[in-house]
$ cat coords21.txt   # compact mmCIF, C-alpha atoms
# COMPACT_ATOMS: atom_id res chain seq x y z
CA LYS K 9 202.88 49.42 98.28
CA GLN K 10 206.13 51.00 99.39
CA GLU K 11 209.28 49.07 98.52
CA VAL K 12 212.72 50.07 99.74
CA THR K 13 215.87 48.96 97.94
CA GLN K 14 219.47 49.15 99.09
CA ILE K 15 222.23 48.34 96.64
CA PRO K 16 224.86 46.93 96.90
CA ALA K 17 224.14 44.36 99.60
CA ALA K 18 227.73 44.49 100.82
CA LEU K 19 230.57 46.97 100.64
CA SER K 20 234.22 46.80 101.72
CA VAL K 21 236.37 49.92 101.95
CA PRO K 22 239.73 50.87 103.45
CA GLU K 23 239.83 52.90 106.63
CA GLY K 24 239.65 56.65 106.11
CA GLU K 25 237.54 56.58 102.98
CA ASN K 26 234.45 58.76 102.67
CA LEU K 27 231.52 56.72 101.47
CA VAL K 28 227.89 56.96 100.43
CA LEU K 29 225.23 54.35 101.09
CA ASN K 30 222.20 54.54 98.83
CA CYS K 31 218.55 53.82 99.49
CA SER K 32 215.71 54.07 96.98
CA PHE K 33 211.98 53.82 97.50
CA THR K 34 209.12 53.33 95.08
CA ASP K 35 206.50 55.67 96.54
CA SER K 36 207.54 59.32 96.53
CA ALA K 37 204.75 60.03 99.03
CA ILE K 38 207.14 58.94 101.75
CA TYR K 39 206.48 60.71 105.02
CA ASN K 40 209.85 60.37 106.76
CA LEU K 41 212.95 58.23 106.52
CA GLN K 42 215.10 56.69 109.21
CA TRP K 43 218.58 55.17 109.01
CA PHE K 44 219.58 52.40 111.42
CA ARG K 45 222.72 50.49 112.24
CA GLN K 46 222.69 46.82 113.20
CA ASP K 47 225.71 45.03 114.65
CA PRO K 48 225.86 41.21 114.36
CA GLY K 49 223.46 39.55 116.78
CA LYS K 50 222.15 42.88 118.03
CA GLY K 51 219.05 45.01 117.65
CA LEU K 52 218.73 48.17 115.61
CA THR K 53 220.25 51.48 116.66
CA SER K 54 218.74 54.62 115.19
CA LEU K 55 221.29 56.84 113.48
CA LEU K 56 219.35 59.63 111.81
CA LEU K 57 215.70 60.53 111.27
CA ILE K 58 214.66 62.82 108.46
CA GLN K 59 211.16 64.08 109.17
CA SER K 60 208.62 65.09 106.55
CA SER K 61 209.57 68.76 106.35
CA GLN K 62 213.33 68.15 106.38
CA ARG K 63 215.78 67.30 103.64
CA GLU K 64 218.81 66.22 105.62
CA GLN K 65 220.17 65.50 109.07
CA THR K 66 223.71 65.38 110.45
CA SER K 67 225.23 63.65 113.44
CA GLY K 68 228.99 63.65 113.84
CA ARG K 69 230.56 61.99 110.80
CA LEU K 70 227.16 60.97 109.44
CA ASN K 71 224.94 62.94 107.10
CA ALA K 72 221.68 61.67 105.63
CA SER K 73 219.70 63.33 102.89
CA LEU K 74 216.25 62.70 101.47
CA ASP K 75 215.04 63.57 97.98
CA LYS K 76 211.39 62.63 97.76
CA SER K 77 211.00 63.61 94.11
CA SER K 78 213.66 61.15 92.98
CA GLY K 79 212.79 58.53 95.58
CA ARG K 80 216.26 58.44 97.06
CA SER K 81 218.06 58.81 100.34
CA THR K 82 221.78 58.69 100.95
CA LEU K 83 223.82 58.15 104.09
CA TYR K 84 227.24 59.76 103.93
CA ILE K 85 229.95 58.49 106.27
CA ALA K 86 233.05 60.66 106.51
CA ALA K 87 236.49 59.30 107.32
CA SER K 88 235.30 55.73 107.84
CA GLN K 89 236.71 53.68 110.74
CA PRO K 90 236.78 49.92 111.44
CA GLY K 91 234.20 50.56 114.16
CA ASP K 92 231.76 51.64 111.46
CA SER K 93 231.60 48.04 110.24
CA ALA K 94 227.96 46.96 110.57
CA THR K 95 224.78 46.58 108.55
CA TYR K 96 223.06 49.85 107.67
CA LEU K 97 219.32 49.81 107.05
CA CYS K 98 217.09 52.54 105.73
CA ALA K 99 213.37 52.55 106.36
CA GLY K 100 210.56 54.71 105.03
CA LEU K 101 207.32 55.71 106.69
CA ALA K 102 204.32 56.13 104.39
CA GLY K 103 202.29 58.22 106.83
CA ALA K 104 202.29 59.43 110.41
CA ASN K 105 200.24 56.43 111.56
CA SER K 106 201.77 53.93 109.21
CA LYS K 107 204.59 51.43 109.65
CA LEU K 108 208.24 51.57 108.65
CA THR K 109 209.15 49.61 105.53
CA PHE K 110 212.76 48.45 105.56
CA GLY K 111 215.35 47.82 102.92
CA LYS K 112 217.43 44.65 103.31
CA GLY K 113 220.46 46.63 104.39
CA ILE K 114 224.03 47.18 103.29
CA THR K 115 226.72 45.27 105.17
CA LEU K 116 229.73 47.55 105.46
CA SER K 117 233.23 46.36 106.25
CA VAL K 118 235.91 48.96 106.91
CA ARG K 119 239.39 47.45 106.62
CA PRO K 120 242.14 48.77 108.92
CA GLY I 15 212.14 52.86 131.05
CA ALA I 16 215.15 54.25 129.30
CA GLY I 17 214.79 51.95 126.33
CA VAL I 18 212.66 49.22 124.81
CA SER I 19 213.07 46.02 126.76
CA GLN I 20 212.38 42.57 125.34
CA SER I 21 212.34 39.25 127.13
CA PRO I 22 213.55 36.62 126.94
CA SER I 23 216.63 37.51 124.93
CA ASN I 24 216.91 33.92 123.75
CA LYS I 25 214.33 31.14 123.62
CA VAL I 26 214.77 27.56 122.46
CA THR I 27 211.56 25.60 122.17
CA GLU I 28 210.42 22.29 120.79
CA LYS I 29 208.32 22.15 117.67
CA GLY I 30 204.64 22.25 118.54
CA LYS I 31 205.02 24.17 121.79
CA ASP I 32 203.56 27.63 122.40
CA VAL I 33 205.82 30.60 123.18
CA GLU I 34 205.24 34.10 124.52
CA LEU I 35 207.54 37.00 123.76
CA ARG I 36 207.34 40.18 125.79
CA CYS I 37 208.00 43.81 124.93
CA ASP I 38 208.19 46.73 127.37
CA PRO I 39 208.13 49.96 125.35
CA ILE I 40 209.54 53.29 126.38
CA SER I 41 207.25 54.93 128.90
CA GLY I 42 204.75 57.21 127.20
CA HIS I 43 205.20 55.74 123.72
CA THR I 44 201.75 55.09 122.36
CA ALA I 45 202.81 53.25 119.20
CA LEU I 46 204.33 49.77 119.35
CA TYR I 47 205.48 47.55 116.49
CA TRP I 48 206.58 43.93 116.12
CA TYR I 49 208.95 42.86 113.36
CA ARG I 50 210.61 39.56 112.51
CA GLN I 51 214.09 39.12 111.08
CA SER I 52 214.95 35.73 109.65
CA LEU I 53 218.51 34.67 108.87
CA GLY I 54 219.70 36.57 105.83
CA GLN I 55 216.35 38.30 105.38
CA GLY I 56 215.16 41.83 105.89
CA LEU I 57 212.83 43.00 108.58
CA GLU I 58 209.30 41.71 108.14
CA PHE I 59 206.48 43.73 109.68
CA LEU I 60 204.10 41.73 111.87
CA ILE I 61 201.71 44.03 113.76
CA TYR I 62 201.28 47.63 114.89
CA PHE I 63 199.55 48.89 118.04
CA GLN I 64 198.28 52.38 118.72
CA GLY I 65 197.42 52.33 122.40
CA ASN I 66 195.77 48.98 123.05
CA SER I 67 194.25 48.58 119.62
CA ALA I 68 195.90 47.03 116.58
CA PRO I 69 194.92 48.95 113.45
CA ASP I 70 197.32 46.94 111.31
CA LYS I 71 197.71 43.18 111.77
CA SER I 72 198.45 42.58 108.13
CA GLY I 73 201.90 41.10 108.70
CA LEU I 74 200.96 38.24 110.99
CA PRO I 75 201.97 35.17 108.94
CA SER I 76 199.26 32.79 110.14
CA ASP I 77 196.53 32.37 112.73
CA ARG I 78 199.11 30.73 114.99
CA PHE I 79 200.43 34.23 115.65
CA SER I 80 198.64 36.68 117.92
CA ALA I 81 199.56 39.74 119.93
CA GLU I 82 198.01 41.87 122.58
CA ARG I 83 198.84 45.04 124.41
CA THR I 84 197.46 45.97 127.78
CA GLY I 85 197.34 49.31 129.59
CA GLY I 86 198.86 50.98 126.56
CA SER I 87 202.20 49.57 127.64
CA VAL I 88 203.46 45.98 127.67
CA SER I 89 202.85 43.84 124.61
CA THR I 90 202.98 40.06 124.27
CA LEU I 91 203.46 38.21 120.99
CA THR I 92 202.25 34.62 121.19
CA ILE I 93 203.13 31.89 118.72
CA GLN I 94 201.10 28.70 119.06
CA ARG I 95 202.22 25.28 117.86
CA THR I 96 205.63 26.58 116.84
CA GLN I 97 207.20 25.39 113.60
CA GLN I 98 210.84 25.42 112.56
CA GLU I 99 210.18 28.21 110.08
CA ASP I 100 209.22 30.42 113.03
CA SER I 101 212.88 30.51 114.05
CA ALA I 102 213.98 34.13 113.78
CA VAL I 103 214.78 37.23 115.79
CA TYR I 104 211.63 39.00 116.90
CA LEU I 105 212.11 42.73 117.31
CA CYS I 106 209.87 45.20 119.05
CA ALA I 107 209.92 48.96 118.56
CA SER I 108 208.05 51.85 120.10
CA SER I 109 207.44 55.42 119.06
CA LEU I 110 205.99 58.53 120.63
CA ALA I 111 204.35 59.11 117.28
CA GLY I 112 205.18 57.55 113.94
CA ASP I 113 206.90 60.61 112.66
CA ARG I 114 209.14 60.90 115.71
CA GLY I 115 211.14 57.83 114.79
CA TYR I 116 211.22 54.31 116.15
CA THR I 117 213.35 52.92 119.00
CA PHE I 118 214.03 49.20 118.83
CA GLY I 119 214.67 46.67 121.54
CA SER I 120 217.50 44.13 121.34
CA GLY I 121 215.16 41.40 120.19
CA THR I 122 214.28 37.84 121.17
CA ARG I 123 216.11 35.11 119.28
CA LEU I 124 213.67 32.21 118.89
CA THR I 125 214.95 28.80 117.89
CA VAL I 126 212.47 26.01 117.24
CA VAL I 127 214.05 22.55 117.35

$ encode --input "coords21.txt" --output "structure tokens"
Amino acid sequence: KQEVTQIPAALSVPEGENLVLNCSFTDSAIYNLQWFRQDPGKGLTSLLLIQSSQREQTSGRLNASLDKSSGRSTLYIAASQPGDSATYLCAGLAGANSKLTFGKGITLSVRP
Amino acid sequence: GAGVSQSPSNKVTEKGKDVELRCDPISGHTALYWYRQSLGQGLEFLIYFQGNSAPDKSGLPSDRFSAERTGGSVSTLTIQRTQQEDSAVYLCASSLAGDRGYTFGSGTRLTVV
């Protein structure tokens, strides 16, 4: 059974800092991995999807990587801004017709 | 539609009543998923549809919960005889195919009083 862990549960950084959010999963047979952002009281917004044949994806100030052999994914946020404050969730897919298994998320606060 | 639409956005119901939550997926998305997010908890998988069939119902917490999907499109999640522990945000997602990524709706916040 796939389990996804995100540590720490919360993180506070000053504006402008580059930061890395970590995600680990127990089953290295992960098919793809997706990072989401959730603002308070809102649904999930997809940030980056790393498909089975890929190792990383980039969008603007965000870069996500996936290392299946070590069971880890990282989300890198460059030059953080107060608007980046949100909860970031990673989720792994065990197979093409499987379901996403989510970590509990990291709540990020970027201080002006 | 342009995104996944869920209705109602908020629902307050009395304990013991039945509720229906609706999800309109993105047009053409064959896969549809229901998740539940309780206060301070992670996302809990409920059920997965591929077309109109549900190959994975393993997350439904009890027989009070059921879901259907018709025409390969709209899905309804029904909770019978609601209990206070059913209070949560119910999220729906759809996907063109599992490996193409999920798109989530904004959710239905259910409060059982």

$ closest_atom_pairs --input "coords21.txt" --of "chain K" --to "chain I" --cutoff "8 Å" --atoms "all atoms listed in the file" --output "tab-separated table"
residue	atom	partner	partner_atom	distance
K:Tyr39	CA	I:Asp113	CA	7.7
K:Asn40	CA	I:Asp113	CA	6.6
K:Gln42	CA	I:Gly115	CA	6.9
K:Lys50	CA	I:Ser120	CA	5.8
K:Gly51	CA	I:Ser120	CA	4.1
K:Leu52	CA	I:Phe118	CA	5.8
K:Thr53	CA	I:Phe118	CA	7.0
K:Ser54	CA	I:Thr117	CA	6.8
K:Leu57	CA	I:Gly115	CA	6.4
K:Gln59	CA	I:Asp113	CA	6.5
K:Ser60	CA	I:Asp113	CA	7.8
K:Leu101	CA	I:Asp113	CA	7.7
K:Gly103	CA	I:Gly112	CA	7.7
K:Ala104	CA	I:Gly112	CA	4.9
K:Asn105	CA	I:Gly112	CA	5.6
K:Ser106	CA	I:Gly112	CA	6.9
K:Lys107	CA	I:Tyr62	CA	7.3
K:Thr109	CA	I:Phe59	CA	7.7
K:Phe110	CA	I:Leu57	CA	6.2
K:Gly111	CA	I:Gly56	CA	6.7
K:Lys112	CA	I:Gly56	CA	4.4
K:Gly113	CA	I:Gly56	CA	7.3

$ residues_around --input "coords21.txt" --residues "segment 13-20 of chain K" --least-positions-apart "5" --cutoff "6 Å" --atoms "only C-alpha atoms" --output "PyMOL selection string"
chain K and resi 31-32+111+113-118

$ residues_around --input "coords21.txt" --residues "Ser89 of chain I" --least-positions-apart "3" --cutoff "6 Å" --atoms "all atoms listed in the file" --output "tab-separated table (two decimals) with C-alpha atoms, in the frame of the given file"
chain	number	residue	atom	x	y	z
I	36	ARG	CA	207.34	40.18	125.79
I	37	CYS	CA	208.00	43.81	124.93
I	82	GLU	CA	198.01	41.87	122.58
I	83	ARG	CA	198.84	45.04	124.41

$ closest_residue --input "coords21.txt" --among "K:Gln46, K:Gln10, K:Ser81, K:Asn26" --to "Arg69 of chain K" --atoms "all atoms listed in the file"
K:Asn26

$ closest_residue --input "coords21.txt" --among "I:Gly30, I:Gly85, I:Gly17, I:Pro22" --to "Gln97 of chain I" --atoms "all atoms listed in the file"
I:Gly30

$ atom_distance --input "coords21.txt" --atom1 "atom CA of Leu97 of chain K" --atom2 "atom CA of Glu11 of chain K"
13.2 Å

$ residues_around --input "coords21.txt" --residues "Pro120 of chain K" --least-positions-apart "5" --cutoff "7 Å" --atoms "only C-alpha atoms" --output "PyMOL selection string"
chain K and resi 22-23+90

$ closest_residue --input "coords21.txt" --among "K:Lys9, K:Arg119, K:Arg45, K:Arg63" --to "Phe33 of chain K" --atoms "all atoms listed in the file"
K:Lys9

$ residues_around --input "coords21.txt" --residues "Trp43 of chain K" --least-positions-apart "2" --cutoff "6 Å" --atoms "all atoms listed in the file" --output "PDB file with C-alpha atoms, in the frame of the given file"
ATOM      1  CA  LEU K  55     221.290  56.840 113.480  1.00  0.00           C
ATOM      2  CA  LEU K  56     219.350  59.630 111.810  1.00  0.00           C
ATOM      3  CA  LEU K  97     219.320  49.810 107.050  1.00  0.00           C
ATOM      4  CA  CYS K  98     217.090  52.540 105.730  1.00  0.00           C
TER       5      CYS K  98
END

$ decode --input "coords21.txt" --residues "segment 89-123 of chain I" --atoms "N, CA and C atoms" --output "mmCIF file, in the first residue's frame"
data_model
loop_
_atom_site.group_PDB
_atom_site.id
_atom_site.type_symbol
_atom_site.label_atom_id
_atom_site.label_comp_id
_atom_site.auth_asym_id
_atom_site.auth_seq_id
_atom_site.Cartn_x
_atom_site.Cartn_y
_atom_site.Cartn_z
ATOM 1 N N SER I 89 -21.659 12.883 -11.756
ATOM 2 C CA SER I 89 -21.655 11.906 -10.672
ATOM 3 C C SER I 89 -22.362 12.507 -9.459
ATOM 4 N N THR I 90 -23.037 11.639 -8.717
ATOM 5 C CA THR I 90 -23.707 12.038 -7.487
ATOM 6 C C THR I 90 -23.212 11.156 -6.346
ATOM 7 N N LEU I 91 -22.794 11.790 -5.270
ATOM 8 C CA LEU I 91 -22.417 11.093 -4.041
ATOM 9 C C LEU I 91 -23.556 11.283 -3.057
ATOM 10 N N THR I 92 -24.110 10.196 -2.567
ATOM 11 C CA THR I 92 -25.234 10.248 -1.640
ATOM 12 C C THR I 92 -24.803 9.725 -0.280
ATOM 13 N N ILE I 93 -25.139 10.484 0.736
ATOM 14 C CA ILE I 93 -24.893 10.055 2.114
ATOM 15 C C ILE I 93 -26.250 9.939 2.793
ATOM 16 N N GLN I 94 -26.581 8.748 3.252
ATOM 17 C CA GLN I 94 -27.859 8.527 3.926
ATOM 18 C C GLN I 94 -27.680 8.636 5.436
ATOM 19 N N ARG I 95 -28.724 9.087 6.084
ATOM 20 C CA ARG I 95 -28.742 9.146 7.562
ATOM 21 C C ARG I 95 -27.444 9.787 8.072
ATOM 22 N N THR I 96 -27.222 11.017 7.660
ATOM 23 C CA THR I 96 -25.954 11.686 7.966
ATOM 24 C C THR I 96 -25.663 11.723 9.459
ATOM 25 N N GLN I 97 -24.383 11.624 9.766
ATOM 26 C CA GLN I 97 -23.872 11.708 11.137
ATOM 27 C C GLN I 97 -22.921 12.897 11.228
ATOM 28 N N GLN I 98 -22.654 13.342 12.431
ATOM 29 C CA GLN I 98 -21.781 14.504 12.602
ATOM 30 C C GLN I 98 -20.378 14.241 12.071
ATOM 31 N N GLU I 99 -19.933 13.005 12.161
ATOM 32 C CA GLU I 99 -18.586 12.693 11.669
ATOM 33 C C GLU I 99 -18.489 12.737 10.146
ATOM 34 N N ASP I 100 -19.633 12.888 9.470
ATOM 35 C CA ASP I 100 -19.609 13.042 8.016
ATOM 36 C C ASP I 100 -19.247 14.463 7.612
ATOM 37 N N SER I 101 -19.237 15.379 8.571
ATOM 38 C CA SER I 101 -18.892 16.773 8.267
ATOM 39 C C SER I 101 -17.477 16.848 7.718
ATOM 40 N N ALA I 102 -17.353 17.425 6.539
ATOM 41 C CA ALA I 102 -16.057 17.478 5.853
ATOM 42 C C ALA I 102 -16.251 18.248 4.553
ATOM 43 N N VAL I 103 -15.147 18.447 3.842
ATOM 44 C CA VAL I 103 -15.217 18.954 2.475
ATOM 45 C C VAL I 103 -15.098 17.763 1.535
ATOM 46 N N TYR I 104 -16.055 17.637 0.642
ATOM 47 C CA TYR I 104 -16.057 16.547 -0.323
ATOM 48 C C TYR I 104 -15.581 17.096 -1.661
ATOM 49 N N LEU I 105 -14.497 16.527 -2.138
ATOM 50 C CA LEU I 105 -13.848 17.004 -3.358
ATOM 51 C C LEU I 105 -14.005 15.987 -4.469
ATOM 52 N N CYS I 106 -14.240 16.488 -5.649
ATOM 53 C CA CYS I 106 -14.355 15.660 -6.837
ATOM 54 C C CYS I 106 -13.229 16.045 -7.798
ATOM 55 N N ALA I 107 -12.691 15.074 -8.498
ATOM 56 C CA ALA I 107 -11.661 15.333 -9.490
ATOM 57 C C ALA I 107 -11.955 14.511 -10.732
ATOM 58 N N SER I 108 -11.512 15.004 -11.865
ATOM 59 C CA SER I 108 -11.631 14.216 -13.087
ATOM 60 C C SER I 108 -10.303 14.208 -13.818
ATOM 61 N N SER I 109 -10.174 13.222 -14.705
ATOM 62 C CA SER I 109 -8.932 13.056 -15.442
ATOM 63 C C SER I 109 -9.227 12.455 -16.807
ATOM 64 N N LEU I 110 -8.495 12.904 -17.807
ATOM 65 C CA LEU I 110 -8.623 12.320 -19.133
ATOM 66 C C LEU I 110 -8.159 10.871 -19.097
ATOM 67 N N ALA I 111 -7.081 10.664 -18.373
ATOM 68 C CA ALA I 111 -6.555 9.340 -18.078
ATOM 69 C C ALA I 111 -5.703 9.535 -16.846
ATOM 70 N N GLY I 112 -5.579 8.489 -16.031
ATOM 71 C CA GLY I 112 -4.915 8.665 -14.739
ATOM 72 C C GLY I 112 -3.546 9.275 -14.829
ATOM 73 N N ASP I 113 -2.844 9.005 -15.908
ATOM 74 C CA ASP I 113 -1.485 9.506 -15.984
ATOM 75 C C ASP I 113 -1.414 10.897 -16.603
ATOM 76 N N ARG I 114 -2.571 11.490 -16.866
ATOM 77 C CA ARG I 114 -2.587 12.849 -17.404
ATOM 78 C C ARG I 114 -2.811 13.881 -16.306
ATOM 79 N N GLY I 115 -2.895 13.426 -15.076
ATOM 80 C CA GLY I 115 -3.106 14.362 -13.983
ATOM 81 C C GLY I 115 -4.570 14.582 -13.685
ATOM 82 N N TYR I 116 -4.845 14.954 -12.457
ATOM 83 C CA TYR I 116 -6.200 15.189 -11.983
ATOM 84 C C TYR I 116 -6.488 16.692 -11.973
ATOM 85 N N THR I 117 -7.756 17.060 -12.224
ATOM 86 C CA THR I 117 -8.239 18.422 -12.003
ATOM 87 C C THR I 117 -9.346 18.356 -10.970
ATOM 88 N N PHE I 118 -9.211 19.137 -9.922
ATOM 89 C CA PHE I 118 -10.176 19.114 -8.826
ATOM 90 C C PHE I 118 -11.191 20.240 -8.945
ATOM 91 N N GLY I 119 -12.388 19.969 -8.432
ATOM 92 C CA GLY I 119 -13.372 21.004 -8.229
ATOM 93 C C GLY I 119 -13.109 21.746 -6.930
ATOM 94 N N SER I 120 -13.954 22.728 -6.632
ATOM 95 C CA SER I 120 -13.761 23.551 -5.429
ATOM 96 C C SER I 120 -14.311 22.893 -4.174
ATOM 97 N N GLY I 121 -15.072 21.806 -4.372
ATOM 98 C CA GLY I 121 -15.529 21.064 -3.210
ATOM 99 C C GLY I 121 -16.897 21.480 -2.705
ATOM 100 N N THR I 122 -17.509 20.592 -1.939
ATOM 101 C CA THR I 122 -18.739 20.868 -1.198
ATOM 102 C C THR I 122 -18.421 20.740 0.276
ATOM 103 N N ARG I 123 -18.659 21.828 1.012
ATOM 104 C CA ARG I 123 -18.446 21.779 2.467
ATOM 105 C C ARG I 123 -19.738 21.324 3.121
#
